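Undergrad: Handing you this structure, nothing more for now.
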Amino acid sequence: MTAISVHGLVKRFGRVVAVDDLSFEVQPGTLTGFVGPNGAGKTTTLRMILGLVRPTAGTALIDGVPYVRLDRPARHVGAVLESSGFHPGRTARDHLHVLAMPSGIPISRVDDVLSEVNLSGAAGRRVGGFSLGMRQRLGLAGALLGDPGLLILDEPTNGLDPAGVHWLRTFLRQRVDHGGTVLVSSHLLAELALSADSVIIIKDGRLVTQGPVREIAPGPDTVRVRTPQAEQLRTVLAARGVAAVVNSPDELIASGVDTEVVGEAVAAAGLVVYEMSGHRPALEDAFLALTRDEGSRP
Amino acid sequence: MTTLIRTELLRLRTTRSTWVLLALGLVLTLGWMAAVLGNIGGIGTAARGSDQLRADLMGASSIGLFPVLLLGVVAVTGEFHHHTVTPTFLVTPHRWRVLAAKAVACALTGPLVLVVFLVATWTVGVVTDAINPTMDTTLLAMTGRSMLVAACWALLGVGVGAAVRNQTVAVLVPLVWFLLIEMLIPAYGLNMLIPWSPGGATIALAGGRFAGALPAWAALLVLVGYGLALLVPGGRAIARRDIS
């Protein structure tokens, strides 16, 4: 069974179409990135999946049922949403206690999740004095209360410092490696490319593409070589069936190969090389290409 | 449903505004009581130790009904004001149950808060020799009626909160209603409306007497009716609303 299945989802706010006939699936046991430019409809889609926003048309199911029909949903799904708030006068521990009680989650679990997100030291402090990063961690702690199999996070890296982003990435990867499922939205693809199994890319409320990260990053690998014998190297590579262009008298770029192939060709021909580097096409570039405005597309 | 009510009681206990409102009610009540105490022996003031003076002094706690009502208002509007409504409805997607639990929790808490005000007035009254430290049925009846009124006002507050949702407006609406609009009713010669107004029904339920006052049971129904008349359409709007 799919962890999340979205079918023909539409949301109109007056005359604005925020989400337009969107369909996708999230497989269990995967870390899926949900990416798109700002205003693409990511947050609205996630809120429809979570039963907070009523779709104009279409369905969003979690484990085959709508969110509102899940029995004690906190035990199935943990969500961290933007603009999800905290009462500033309440302590971190009390905030979690209030969230745990309706789902029948024992109070002992509150201290467990606080230590999981490294907030044990602030458990008795009022949330009003928390930094943005601490609020993100507290939001995550709330999502973890019911030890859910599925985590849904909306822009969770906002407000986190680089160390926090690294920590979150490792944390989410561990959940997935232990059988969990994670759907995480972001407008910064680079933060996800290192850890996601697959991505869903949307733009203007419509699906652009969905699939494994490696398939979505298209185009050949390239190798850049700095050498005083660029023209000779080009001939050597051409003889081996490798396309290459001489960029400047001492630089050559070969495409569709890795550094091993070029290195062997260089050694066989006895050429001098000052520098050599391989490049994978970045997912970021693919994302930018896929979501570029029609008008500026070449 | 019991779990949800207990959750809402916990929410009230762990919210600072609850305690601020309790303190505010205590200050207002004791302030008004001091004014009555300071006037003993003056024109229109009952004698020390009389039932009438006891009723006047403990009646000061009626000013504490405003904090009780605001407790109900903030229980709903605070969720929108601080955006806590998102996690609340994520944990309990049945929005009607959450609202019903809030109404019950506030209707249970309101009377307890008012008892605190009553005990405070009684204690100060006894210490200052204005009230005889005896228990009697009149005192118990007064306490019981006051608690019923407080439950109704807390429910009324939840209703206003659900219907208005904007915290600032929702706090101002009841103040303007009771302190301004109800005061204007006699000025426009609409006295026949007074028994049916929230203020008139409150006085009738509390045991006050005036021309045309409803019997206590009818006044109770009228007050609960006002609460539900606000809560039901407000709740329906919240149930349909997009939470974003």
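Following the order of the structure tokens, first chain is A, next is B, and so on, with residues numbered from 1 inside each chain and ligands from 1 in the order they appear.
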Quick one: everything within 10 Å of range 248-255 of chain A, counting only C-alpha atoms, minus sequence neighbours fewer than 5 positions away in the same chain. Send it as a list in words.
TA: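 So the residues in contact are Gly219, Pro220, Asp221, Thr222, Val223, Arg224, Val225, Arg226, Thr227, Pro228, Gln229, Ala230, Glu231, Leu233, Arg234, Leu237, Ala238, Val242, Ala243, Val262, Val273, Tyr274, Glu275, Met276, Ser277, Gly278 and His279 of chain A.
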Undergrad: Using the selection just defined, write its residues with N, CA and C atoms as a short mmCIF file (atom, residue, chain, number, x, y, z; two decimals), in the first residue's frame.
TA:
```cif
data_model
loop_
_atom_site.label_atom_id
_atom_site.label_comp_id
_atom_site.auth_asym_id
_atom_site.auth_seq_id
_atom_site.Cartn_x
_atom_site.Cartn_y
_atom_site.Cartn_z
N GLY A 219 21.28 14.35 -18.34
CA GLY A 219 22.47 14.91 -18.96
C GLY A 219 23.70 14.10 -18.59
N PRO A 220 24.73 14.13 -19.45
CA PRO A 220 25.91 13.30 -19.22
C PRO A 220 26.84 13.91 -18.18
N ASP A 221 27.66 13.04 -17.61
CA ASP A 221 28.74 13.52 -16.76
C ASP A 221 29.77 14.20 -17.65
N THR A 222 30.51 15.16 -17.11
CA THR A 222 31.56 15.81 -17.89
C THR A 222 32.86 15.78 -17.11
N VAL A 223 33.98 15.86 -17.87
CA VAL A 223 35.30 15.92 -17.25
C VAL A 223 36.03 17.13 -17.81
N ARG A 224 36.53 17.97 -16.91
CA ARG A 224 37.26 19.16 -17.32
C ARG A 224 38.76 18.86 -17.12
N VAL A 225 39.56 19.11 -18.16
CA VAL A 225 41.00 18.82 -18.08
C VAL A 225 41.78 20.09 -18.41
N ARG A 226 42.74 20.43 -17.53
CA ARG A 226 43.64 21.55 -17.84
C ARG A 226 44.97 20.94 -18.29
N THR A 227 45.31 21.21 -19.53
CA THR A 227 46.52 20.61 -20.10
C THR A 227 47.08 21.55 -21.18
N PRO A 228 48.45 21.61 -21.33
CA PRO A 228 49.02 22.43 -22.43
C PRO A 228 48.83 21.75 -23.79
N GLN A 229 48.36 20.51 -23.78
CA GLN A 229 48.22 19.75 -25.04
C GLN A 229 46.74 19.44 -25.30
N ALA A 230 45.92 20.45 -25.16
CA ALA A 230 44.47 20.26 -25.25
C ALA A 230 44.05 19.68 -26.61
N GLU A 231 44.61 20.23 -27.69
CA GLU A 231 44.21 19.78 -29.02
C GLU A 231 44.62 18.32 -29.24
N LEU A 233 44.98 16.04 -26.90
CA LEU A 233 44.10 15.21 -26.08
C LEU A 233 42.75 15.02 -26.76
N ARG A 234 42.27 16.10 -27.42
CA ARG A 234 40.98 15.98 -28.09
C ARG A 234 41.04 14.88 -29.17
N LEU A 237 41.13 11.44 -27.55
CA LEU A 237 39.81 11.04 -27.04
C LEU A 237 38.88 10.70 -28.20
N ALA A 238 38.94 11.48 -29.28
CA ALA A 238 38.08 11.24 -30.44
C ALA A 238 38.33 9.85 -31.00
N VAL A 242 35.22 9.42 -27.75
CA VAL A 242 34.75 10.34 -26.72
C VAL A 242 34.68 11.75 -27.28
N ALA A 243 33.51 12.38 -27.15
CA ALA A 243 33.36 13.74 -27.66
C ALA A 243 33.98 14.72 -26.67
N VAL A 262 39.23 9.21 -19.08
CA VAL A 262 40.11 10.27 -19.56
C VAL A 262 41.54 10.05 -19.05
N VAL A 273 49.20 16.66 -17.86
CA VAL A 273 47.93 17.19 -17.35
C VAL A 273 48.19 17.93 -16.04
N TYR A 274 47.70 19.16 -15.95
CA TYR A 274 47.88 19.94 -14.72
C TYR A 274 46.74 19.69 -13.72
N GLU A 275 45.57 19.45 -14.29
CA GLU A 275 44.39 19.39 -13.40
C GLU A 275 43.28 18.64 -14.12
N MET A 276 42.53 17.85 -13.38
CA MET A 276 41.40 17.13 -13.99
C MET A 276 40.29 17.01 -12.95
N SER A 277 39.02 17.30 -13.38
CA SER A 277 37.91 17.17 -12.42
C SER A 277 36.65 16.67 -13.13
N GLY A 278 35.92 15.81 -12.42
CA GLY A 278 34.68 15.28 -12.97
C GLY A 278 33.48 16.03 -12.42
N HIS A 279 32.41 16.16 -13.22
CA HIS A 279 31.20 16.86 -12.77
C HIS A 279 29.96 16.03 -13.04
#
```
Undergrad: Quick check: residues of chain B within 12 Å of chain A, only C-alpha atoms, returned as a PyMOL selection string.
TA: chain B and resi 1-20+74-75+77-95+97-98+101+238-244
Undergrad: Selection from above, C-alpha atoms, as a CSV table (one decimal), in the first residue's frame, can you write it?
TA:
```csv
chain,number,residue,atom,x,y,z
B,1,MET,CA,-14.6,12.7,24.7
B,2,THR,CA,-13.5,12.6,28.4
B,3,THR,CA,-9.9,12.6,27.2
B,4,LEU,CA,-10.5,15.7,25.1
B,5,ILE,CA,-12.2,17.5,28.0
B,6,ARG,CA,-9.2,16.6,30.2
B,7,THR,CA,-6.9,17.9,27.5
B,8,GLU,CA,-8.7,21.2,27.4
B,9,LEU,CA,-8.6,21.4,31.2
B,10,LEU,CA,-4.8,20.8,31.0
B,11,ARG,CA,-4.6,23.5,28.3
B,12,LEU,CA,-6.4,26.0,30.6
B,13,ARG,CA,-4.1,25.1,33.5
B,14,THR,CA,-0.9,25.5,31.5
B,15,THR,CA,-1.9,28.8,29.9
B,16,ARG,CA,-0.7,31.9,31.6
B,17,SER,CA,-3.7,34.0,30.5
B,18,THR,CA,-5.9,31.7,32.7
B,19,TRP,CA,-4.0,32.8,35.8
B,20,VAL,CA,-3.9,36.4,34.7
B,74,VAL,CA,-9.6,33.1,24.8
B,75,ALA,CA,-9.9,29.3,24.9
B,77,THR,CA,-9.5,32.7,19.9
B,78,GLY,CA,-6.1,31.9,21.5
B,79,GLU,CA,-5.8,28.9,19.2
B,80,PHE,CA,-6.1,31.1,16.2
B,81,HIS,CA,-4.1,34.0,17.7
B,82,HIS,CA,-1.1,31.8,18.4
B,83,HIS,CA,-1.7,29.4,15.4
B,84,THR,CA,-1.9,26.5,17.8
B,85,VAL,CA,-5.1,25.5,16.0
B,86,THR,CA,-2.9,23.6,13.4
B,87,PRO,CA,-1.4,21.1,15.9
B,88,THR,CA,-4.7,20.9,17.8
B,89,PHE,CA,-6.7,19.9,14.7
B,90,LEU,CA,-3.8,17.6,13.5
B,91,VAL,CA,-4.1,15.6,16.7
B,92,THR,CA,-7.9,15.7,16.8
B,93,PRO,CA,-9.3,16.3,13.2
B,94,HIS,CA,-12.8,16.1,14.6
B,95,ARG,CA,-13.1,19.9,15.1
B,97,ARG,CA,-15.4,17.5,19.4
B,98,VAL,CA,-12.5,19.9,20.2
B,101,ALA,CA,-14.6,19.8,24.8
B,238,ILE,CA,-14.6,26.6,12.1
B,239,ALA,CA,-15.4,23.0,11.0
B,240,ARG,CA,-15.5,24.2,7.3
B,241,ARG,CA,-12.7,26.6,7.5
B,242,ASP,CA,-9.3,26.0,5.8
B,243,ILE,CA,-6.7,26.1,8.5
B,244,SER,CA,-3.6,27.7,7.0
```
Undergrad: In Å, rounded to a single decimal, give me how far CA of Ala60 in chain B is from CA of Leu21 in chain B.
TA: 16.2 Å
Undergrad: What's the 10 Å shell around range 153-159 of chain B, counting only C-alpha atoms, without same-chain residues fewer than 2 positions away, as an MDAnalysis selection string?
TA: chainID B and resid 65:77 99:100 102:111 147:151 161:165 170:171 174 198 202 223:235
Undergrad: Between CA of Leu145 in chain A and CA of Gly159 in chain A, what is the spacing in Å?
TA: 21.9 Å
Undergrad: Quick one: residues within 7 Å of Ser186 in chain A, only C-alpha atoms counted, chain neighbours fewer than 5 positions away excluded, as a list in words?
TA: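 Listed by chain and then number, they are Phe34, Val35, Asp154 and Glu155 of chain A.
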Undergrad: Measuring atom to atom with only C-alpha atoms, identify which of A:Val10, A:Ala57, A:Leu288, A:Val113 is nearest to Ile216 in chain A.
TA: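 Using only C-alpha atoms, Ile216 in chain A sits closest to A:Leu288.
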Undergrad: Expressed in Å to a single decimal, how great is the separation between CA of Leu53 in chain B and CA of Met142 in chain B?
TA: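 Going from CA of Leu53 in chain B over to CA of Met142 in chain B, I get 13.4 Å.
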Undergrad: Where in range 2-193 of chain A does DSSP assign strand (DSSP E or B), given as a ChimeraX atom specification?
TA: /A:4-13,16-26,31-35,57-62,65,77-80,91,126,150-154,181-186
Undergrad: Taking only C-alpha atoms into account, name the residue in B:Ala55, B:Ala206, B:Leu175, B:Leu22 that is nearest to Val36 in chain B.
TA: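 Under the stated criterion, the closest residue is B:Ala55.
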